[in-house]
>>> print(open('start_24.pdb').read())   # PDB, C-alpha atoms
ATOM      1  CA  MET A   1      87.441 127.059 143.532  1.00  0.00           C
ATOM      2  CA  LYS A   2      89.005 123.934 145.058  1.00  0.00           C
ATOM      3  CA  LYS A   3      85.945 121.931 144.084  1.00  0.00           C
ATOM      4  CA  ILE A   4      86.283 123.015 140.445  1.00  0.00           C
ATOM      5  CA  GLY A   5      89.983 122.056 140.437  1.00  0.00           C
ATOM      6  CA  ILE A   6      89.234 118.633 141.900  1.00  0.00           C
ATOM      7  CA  LEU A   7      86.364 118.141 139.468  1.00  0.00           C
ATOM      8  CA  MET A   8      88.652 119.030 136.528  1.00  0.00           C
ATOM      9  CA  MET A   9      91.300 116.553 137.741  1.00  0.00           C
ATOM     10  CA  VAL A  10      88.734 113.772 138.062  1.00  0.00           C
ATOM     11  CA  LEU A  11      87.373 114.549 134.597  1.00  0.00           C
ATOM     12  CA  MET A  12      90.869 114.552 133.061  1.00  0.00           C
ATOM     13  CA  MET A  13      91.697 111.231 134.745  1.00  0.00           C
ATOM     14  CA  ALA A  14      88.517 109.690 133.344  1.00  0.00           C
ATOM     15  CA  VAL A  15      89.340 110.929 129.835  1.00  0.00           C
ATOM     16  CA  PHE A  16      92.913 109.603 130.015  1.00  0.00           C
ATOM     17  CA  ALA A  17      91.723 106.262 131.373  1.00  0.00           C
ATOM     18  CA  GLY A  18      89.262 105.967 128.476  1.00  0.00           C
ATOM     19  CA  MET A  19      91.969 106.766 125.957  1.00  0.00           C
ATOM     20  CA  ALA A  20      94.304 104.204 127.495  1.00  0.00           C
ATOM     21  CA  GLN A  21      91.613 101.529 127.327  1.00  0.00           C
ATOM     22  CA  GLY A  22      90.718 101.973 123.663  1.00  0.00           C
ATOM     23  CA  GLY A  23      93.663 103.945 122.433  1.00  0.00           C
ATOM     24  CA  GLY A  24      91.151 106.314 120.869  1.00  0.00           C
ATOM     25  CA  GLN A  25      90.857 103.962 117.885  1.00  0.00           C
ATOM     26  CA  GLN A  26      88.815 100.946 117.013  1.00  0.00           C
ATOM     27  CA  ARG A  27      90.710  98.246 115.139  1.00  0.00           C
ATOM     28  CA  ASN A  28      88.990  97.370 111.922  1.00  0.00           C
ATOM     29  CA  PHE A  29      89.458  93.725 110.987  1.00  0.00           C
ATOM     30  CA  ASP A  30      87.072  93.886 108.029  1.00  0.00           C
ATOM     31  CA  PRO A  31      88.962  91.904 105.344  1.00  0.00           C
ATOM     32  CA  GLU A  32      87.787  94.142 102.477  1.00  0.00           C
ATOM     33  CA  GLU A  33      88.887  97.356 104.206  1.00  0.00           C
ATOM     34  CA  MET A  34      92.187  95.841 105.291  1.00  0.00           C
ATOM     35  CA  ALA A  35      92.891  94.540 101.775  1.00  0.00           C
ATOM     36  CA  LYS A  36      92.186  97.970 100.262  1.00  0.00           C
ATOM     37  CA  ARG A  37      94.352  99.765 102.815  1.00  0.00           C
ATOM     38  CA  GLN A  38      97.255  97.317 102.573  1.00  0.00           C
ATOM     39  CA  THR A  39      97.097  97.214  98.763  1.00  0.00           C
ATOM     40  CA  ALA A  40      97.317 101.004  98.631  1.00  0.00           C
ATOM     41  CA  GLN A  41     100.307 100.964 101.002  1.00  0.00           C
ATOM     42  CA  ILE A  42     102.067  98.211  99.050  1.00  0.00           C
ATOM     43  CA  LYS A  43     101.353  99.989  95.751  1.00  0.00           C
ATOM     44  CA  GLU A  44     102.956 103.141  97.127  1.00  0.00           C
ATOM     45  CA  LYS A  45     105.987 101.338  98.606  1.00  0.00           C
ATOM     46  CA  CYS A  46     106.605  98.898  95.744  1.00  0.00           C
ATOM     47  CA  GLY A  47     105.323 100.711  92.660  1.00  0.00           C
ATOM     48  CA  LEU A  48     102.764  98.133  91.499  1.00  0.00           C
ATOM     49  CA  ASP A  49     101.240  98.234  88.040  1.00  0.00           C
ATOM     50  CA  ALA A  50      97.467  97.770  87.607  1.00  0.00           C
ATOM     51  CA  ALA A  51      97.663  93.981  87.062  1.00  0.00           C
ATOM     52  CA  GLN A  52      99.886  93.506  90.108  1.00  0.00           C
ATOM     53  CA  GLU A  53      97.622  95.740  92.183  1.00  0.00           C
ATOM     54  CA  LYS A  54      94.598  93.536  91.400  1.00  0.00           C
ATOM     55  CA  LYS A  55      96.521  90.328  92.166  1.00  0.00           C
ATOM     56  CA  VAL A  56      97.850  91.751  95.448  1.00  0.00           C
ATOM     57  CA  HIS A  57      94.366  92.931  96.462  1.00  0.00           C
ATOM     58  CA  ASP A  58      92.839  89.538  95.661  1.00  0.00           C
ATOM     59  CA  LEU A  59      95.568  87.738  97.609  1.00  0.00           C
ATOM     60  CA  LEU A  60      95.207  90.019 100.629  1.00  0.00           C
ATOM     61  CA  LEU A  61      91.410  89.743 100.555  1.00  0.00           C
ATOM     62  CA  THR A  62      91.442  85.943 100.343  1.00  0.00           C
ATOM     63  CA  ASN A  63      94.026  85.662 103.097  1.00  0.00           C
ATOM     64  CA  GLY A  64      92.224  88.266 105.222  1.00  0.00           C
ATOM     65  CA  LYS A  65      88.994  86.290 105.062  1.00  0.00           C
ATOM     66  CA  LYS A  66      90.801  83.104 106.113  1.00  0.00           C
ATOM     67  CA  MET A  67      92.471  84.894 109.013  1.00  0.00           C
ATOM     68  CA  GLN A  68      89.184  86.462 110.102  1.00  0.00           C
ATOM     69  CA  ALA A  69      87.596  82.999 110.205  1.00  0.00           C
ATOM     70  CA  GLU A  70      90.473  81.750 112.361  1.00  0.00           C
ATOM     71  CA  ARG A  71      90.182  84.781 114.680  1.00  0.00           C
ATOM     72  CA  GLU A  72      86.451  84.128 115.053  1.00  0.00           C
ATOM     73  CA  LYS A  73      87.145  80.496 115.968  1.00  0.00           C
ATOM     74  CA  MET A  74      89.636  81.669 118.567  1.00  0.00           C
ATOM     75  CA  MET A  75      87.197  84.224 120.007  1.00  0.00           C
ATOM     76  CA  SER A  76      84.375  81.682 120.233  1.00  0.00           C
ATOM     77  CA  ALA A  77      86.698  79.209 121.960  1.00  0.00           C
ATOM     78  CA  GLY A  78      87.594  81.886 124.506  1.00  0.00           C
ATOM     79  CA  GLY A  79      90.958  82.355 126.120  1.00  0.00           C
ATOM     80  CA  PRO A  80      94.272  83.195 124.516  1.00  0.00           C
ATOM     81  CA  PRO A  81      95.334  81.796 121.136  1.00  0.00           C
ATOM     82  CA  SER A  82      96.723  78.281 121.246  1.00  0.00           C
ATOM     83  CA  ASP A  83     100.096  77.277 119.831  1.00  0.00           C
ATOM     84  CA  GLU A  84      98.212  75.468 117.065  1.00  0.00           C
ATOM     85  CA  MET A  85      96.326  78.662 116.191  1.00  0.00           C
ATOM     86  CA  ARG A  86      99.547  80.681 116.149  1.00  0.00           C
ATOM     87  CA  ALA A  87     101.160  78.091 113.881  1.00  0.00           C
ATOM     88  CA  LYS A  88      98.153  78.198 111.499  1.00  0.00           C
ATOM     89  CA  MET A  89      98.269  81.985 111.295  1.00  0.00           C
ATOM     90  CA  GLN A  90     102.028  81.954 110.730  1.00  0.00           C
ATOM     91  CA  LYS A  91     101.618  79.420 107.919  1.00  0.00           C
ATOM     92  CA  MET A  92      98.987  81.660 106.313  1.00  0.00           C
ATOM     93  CA  ARG A  93     101.390  84.623 106.462  1.00  0.00           C
ATOM     94  CA  ASP A  94     104.211  82.494 105.045  1.00  0.00           C
ATOM     95  CA  ASP A  95     101.973  81.249 102.219  1.00  0.00           C
ATOM     96  CA  GLN A  96     100.881  84.816 101.499  1.00  0.00           C
ATOM     97  CA  ASN A  97     104.517  85.916 101.261  1.00  0.00           C
ATOM     98  CA  THR A  98     105.288  83.015  98.914  1.00  0.00           C
ATOM     99  CA  GLU A  99     102.417  84.097  96.639  1.00  0.00           C
ATOM    100  CA  MET A 100     103.488  87.728  96.912  1.00  0.00           C
ATOM    101  CA  LYS A 101     106.951  86.730  95.695  1.00  0.00           C
ATOM    102  CA  LYS A 102     105.323  85.302  92.544  1.00  0.00           C
ATOM    103  CA  ILE A 103     103.412  88.538  91.888  1.00  0.00           C
ATOM    104  CA  LEU A 104     106.203  91.036  92.510  1.00  0.00           C
ATOM    105  CA  THR A 105     109.539  91.506  90.767  1.00  0.00           C
ATOM    106  CA  ALA A 106     112.683  90.800  92.819  1.00  0.00           C
ATOM    107  CA  GLU A 107     113.211  94.522  93.431  1.00  0.00           C
ATOM    108  CA  GLN A 108     109.571  95.034  94.407  1.00  0.00           C
ATOM    109  CA  TYR A 109     109.753  92.080  96.782  1.00  0.00           C
ATOM    110  CA  LYS A 110     112.706  93.704  98.577  1.00  0.00           C
ATOM    111  CA  SER A 111     110.569  96.826  99.004  1.00  0.00           C
ATOM    112  CA  TYR A 112     107.708  94.629 100.230  1.00  0.00           C
ATOM    113  CA  GLU A 113     109.957  93.017 102.849  1.00  0.00           C
ATOM    114  CA  LYS A 114     111.023  96.491 104.008  1.00  0.00           C
ATOM    115  CA  TYR A 115     107.330  97.460 104.214  1.00  0.00           C
ATOM    116  CA  LEU A 116     106.656  94.413 106.413  1.00  0.00           C
ATOM    117  CA  GLU A 117     109.548  95.330 108.715  1.00  0.00           C
ATOM    118  CA  GLU A 118     108.218  98.883 109.047  1.00  0.00           C
ATOM    119  CA  ARG A 119     104.761  97.552 109.933  1.00  0.00           C
ATOM    120  CA  ARG A 120     106.235  95.238 112.571  1.00  0.00           C
ATOM    121  CA  ALA A 121     108.184  98.126 114.057  1.00  0.00           C
ATOM    122  CA  GLN A 122     105.028 100.294 114.185  1.00  0.00           C
ATOM    123  CA  ARG A 123     103.116  97.530 115.970  1.00  0.00           C
ATOM    124  CA  GLY A 124     106.037  96.809 118.271  1.00  0.00           C
ATOM    125  CA  GLY A 125     106.237  93.296 116.840  1.00  0.00           C
ATOM    126  CA  GLY A 126     109.161  90.988 117.296  1.00  0.00           C
ATOM    127  CA  GLY A 127     111.849  89.963 114.876  1.00  0.00           C
ATOM    128  CA  PRO A 128     111.451  88.703 111.338  1.00  0.00           C
ATOM    129  CA  ARG A 129     108.684  86.192 110.755  1.00  0.00           C
TER     130      ARG A 129
END
>>> encode(input="start_24.pdb", output="structure tokens")
Amino acid sequence: MKKIGILMMVLMMAVFAGMAQGGGQQRNFDPEEMAKRQTAQIKEKCGLDAAQEKKVHDLLLTNGKKMQAEREKMMSAGGPPSDEMRAKMQKMRDDQNTEMKKILTAEQYKSYEKYLEERRAQRGGGGPR
């Protein structure tokens, strides 16, 4: 009986360790999937019309592809992201927000900013970017 108890504890520890390593989820950085998912979330939060939805999707897809290329450069270089890489990514996000402001109405943009804050809070991100 003791052996079964010990075996169960070892098994549970292995399962928990595996969950802690991967979090049980695989992050999907596919630009197309991310653009679809984010567009749907923004549509829900901001009340986009069909024309705005297409423009937002196109913007997110274009920006997602650029960011993926930068991530791949970083991964191939090895090591943590450099300050230059962080600055590039931040500029891309800033440019995306500038374009988003052109697509959305003032009221929708306020909702969009709230959406961004909620996403940062979910990820445990820092202050406003």
>>> resolve_selection(input="start_24.pdb", expression="the PyMOL selection byres ((chain A and resi 39) around 8)", output="ChimeraX atom specification")
/A:35-38,40-43,53,56-57,60
>>> residues_around(input="start_24.pdb", residues="Phe29 of chain A", least_positions_apart="3", cutoff="12 Å", atoms="all atoms listed in the file", output="NGL selection string")
:A and (26 or 32-37 or 61 or 64-69 or 71-72)
>>> atom_distance(input="start_24.pdb", atom1="atom CA of Thr105 of chain A", atom2="atom CA of Gln90 of chain A")
23.4 Å
>>> resolve_selection(input="start_24.pdb", expression="the PyMOL selection byres ((chain A and resi 103) around 8)", output="PDB file with C-alpha atoms, in the coordinates of the input")
ATOM      1  CA  GLN A  52      99.886  93.506  90.108  1.00  0.00           C
ATOM      2  CA  LYS A  55      96.521  90.328  92.166  1.00  0.00           C
ATOM      3  CA  VAL A  56      97.850  91.751  95.448  1.00  0.00           C
ATOM      4  CA  GLU A  99     102.417  84.097  96.639  1.00  0.00           C
ATOM      5  CA  MET A 100     103.488  87.728  96.912  1.00  0.00           C
ATOM      6  CA  LYS A 101     106.951  86.730  95.695  1.00  0.00           C
ATOM      7  CA  LYS A 102     105.323  85.302  92.544  1.00  0.00           C
ATOM      8  CA  LEU A 104     106.203  91.036  92.510  1.00  0.00           C
ATOM      9  CA  THR A 105     109.539  91.506  90.767  1.00  0.00           C
TER      10      THR A 105
END
>>> atom_distance(input="start_24.pdb", atom1="atom CA of Met89 of chain A", atom2="atom CA of Lys54 of chain A")
23.3 Å
>>> atom_distance(input="start_24.pdb", atom1="atom CA of Leu48 of chain A", atom2="atom CA of Glu118 of chain A")
18.4 Å
>>> closest_residue(input="start_24.pdb", among="A:Gly124, A:Arg119, A:Lys45, A:Glu70", to="Ser82 of chain A", atoms="all atoms listed in the file")
A:Glu70
>>> build_atoms(input="start_24.pdb", residues="segment 67-78 of chain A", atoms="N, CA, C and O atoms", output="tab-separated table (two decimals), keeping the file's coordinate frame")
chain	number	residue	atom	x	y	z
A	67	MET	N	92.00	84.52	107.68
A	67	MET	CA	92.47	84.89	109.01
A	67	MET	C	91.32	85.34	109.90
A	67	MET	O	91.31	85.05	111.09
A	68	GLN	N	90.35	86.04	109.32
A	68	GLN	CA	89.18	86.46	110.10
A	68	GLN	C	88.43	85.24	110.62
A	68	GLN	O	88.00	85.20	111.77
A	69	ALA	N	88.28	84.22	109.78
A	69	ALA	CA	87.60	83.00	110.20
A	69	ALA	C	88.35	82.34	111.36
A	69	ALA	O	87.73	81.89	112.33
A	70	GLU	N	89.67	82.33	111.28
A	70	GLU	CA	90.47	81.75	112.36
A	70	GLU	C	90.34	82.58	113.64
A	70	GLU	O	90.24	82.02	114.73
A	71	ARG	N	90.34	83.91	113.50
A	71	ARG	CA	90.18	84.78	114.68
A	71	ARG	C	88.83	84.53	115.34
A	71	ARG	O	88.72	84.50	116.56
A	72	GLU	N	87.79	84.37	114.51
A	72	GLU	CA	86.45	84.13	115.05
A	72	GLU	C	86.40	82.80	115.79
A	72	GLU	O	85.76	82.70	116.84
A	73	LYS	N	87.07	81.79	115.25
A	73	LYS	CA	87.14	80.50	115.97
A	73	LYS	C	87.80	80.68	117.32
A	73	LYS	O	87.35	80.15	118.33
A	74	MET	N	88.90	81.44	117.33
A	74	MET	CA	89.64	81.67	118.57
A	74	MET	C	88.77	82.41	119.58
A	74	MET	O	88.73	82.05	120.75
A	75	MET	N	88.04	83.44	119.10
A	75	MET	CA	87.20	84.22	120.01
A	75	MET	C	86.07	83.37	120.58
A	75	MET	O	85.74	83.48	121.75
A	76	SER	N	85.48	82.51	119.75
A	76	SER	CA	84.38	81.68	120.23
A	76	SER	C	84.87	80.61	121.20
A	76	SER	O	84.14	80.18	122.07
A	77	ALA	N	86.13	80.19	121.04
A	77	ALA	CA	86.70	79.21	121.96
A	77	ALA	C	87.05	79.85	123.30
A	77	ALA	O	87.14	79.18	124.32
A	78	GLY	N	87.23	81.16	123.29
A	78	GLY	CA	87.59	81.89	124.51
A	78	GLY	C	89.06	81.65	124.85
A	78	GLY	O	89.71	80.74	124.34
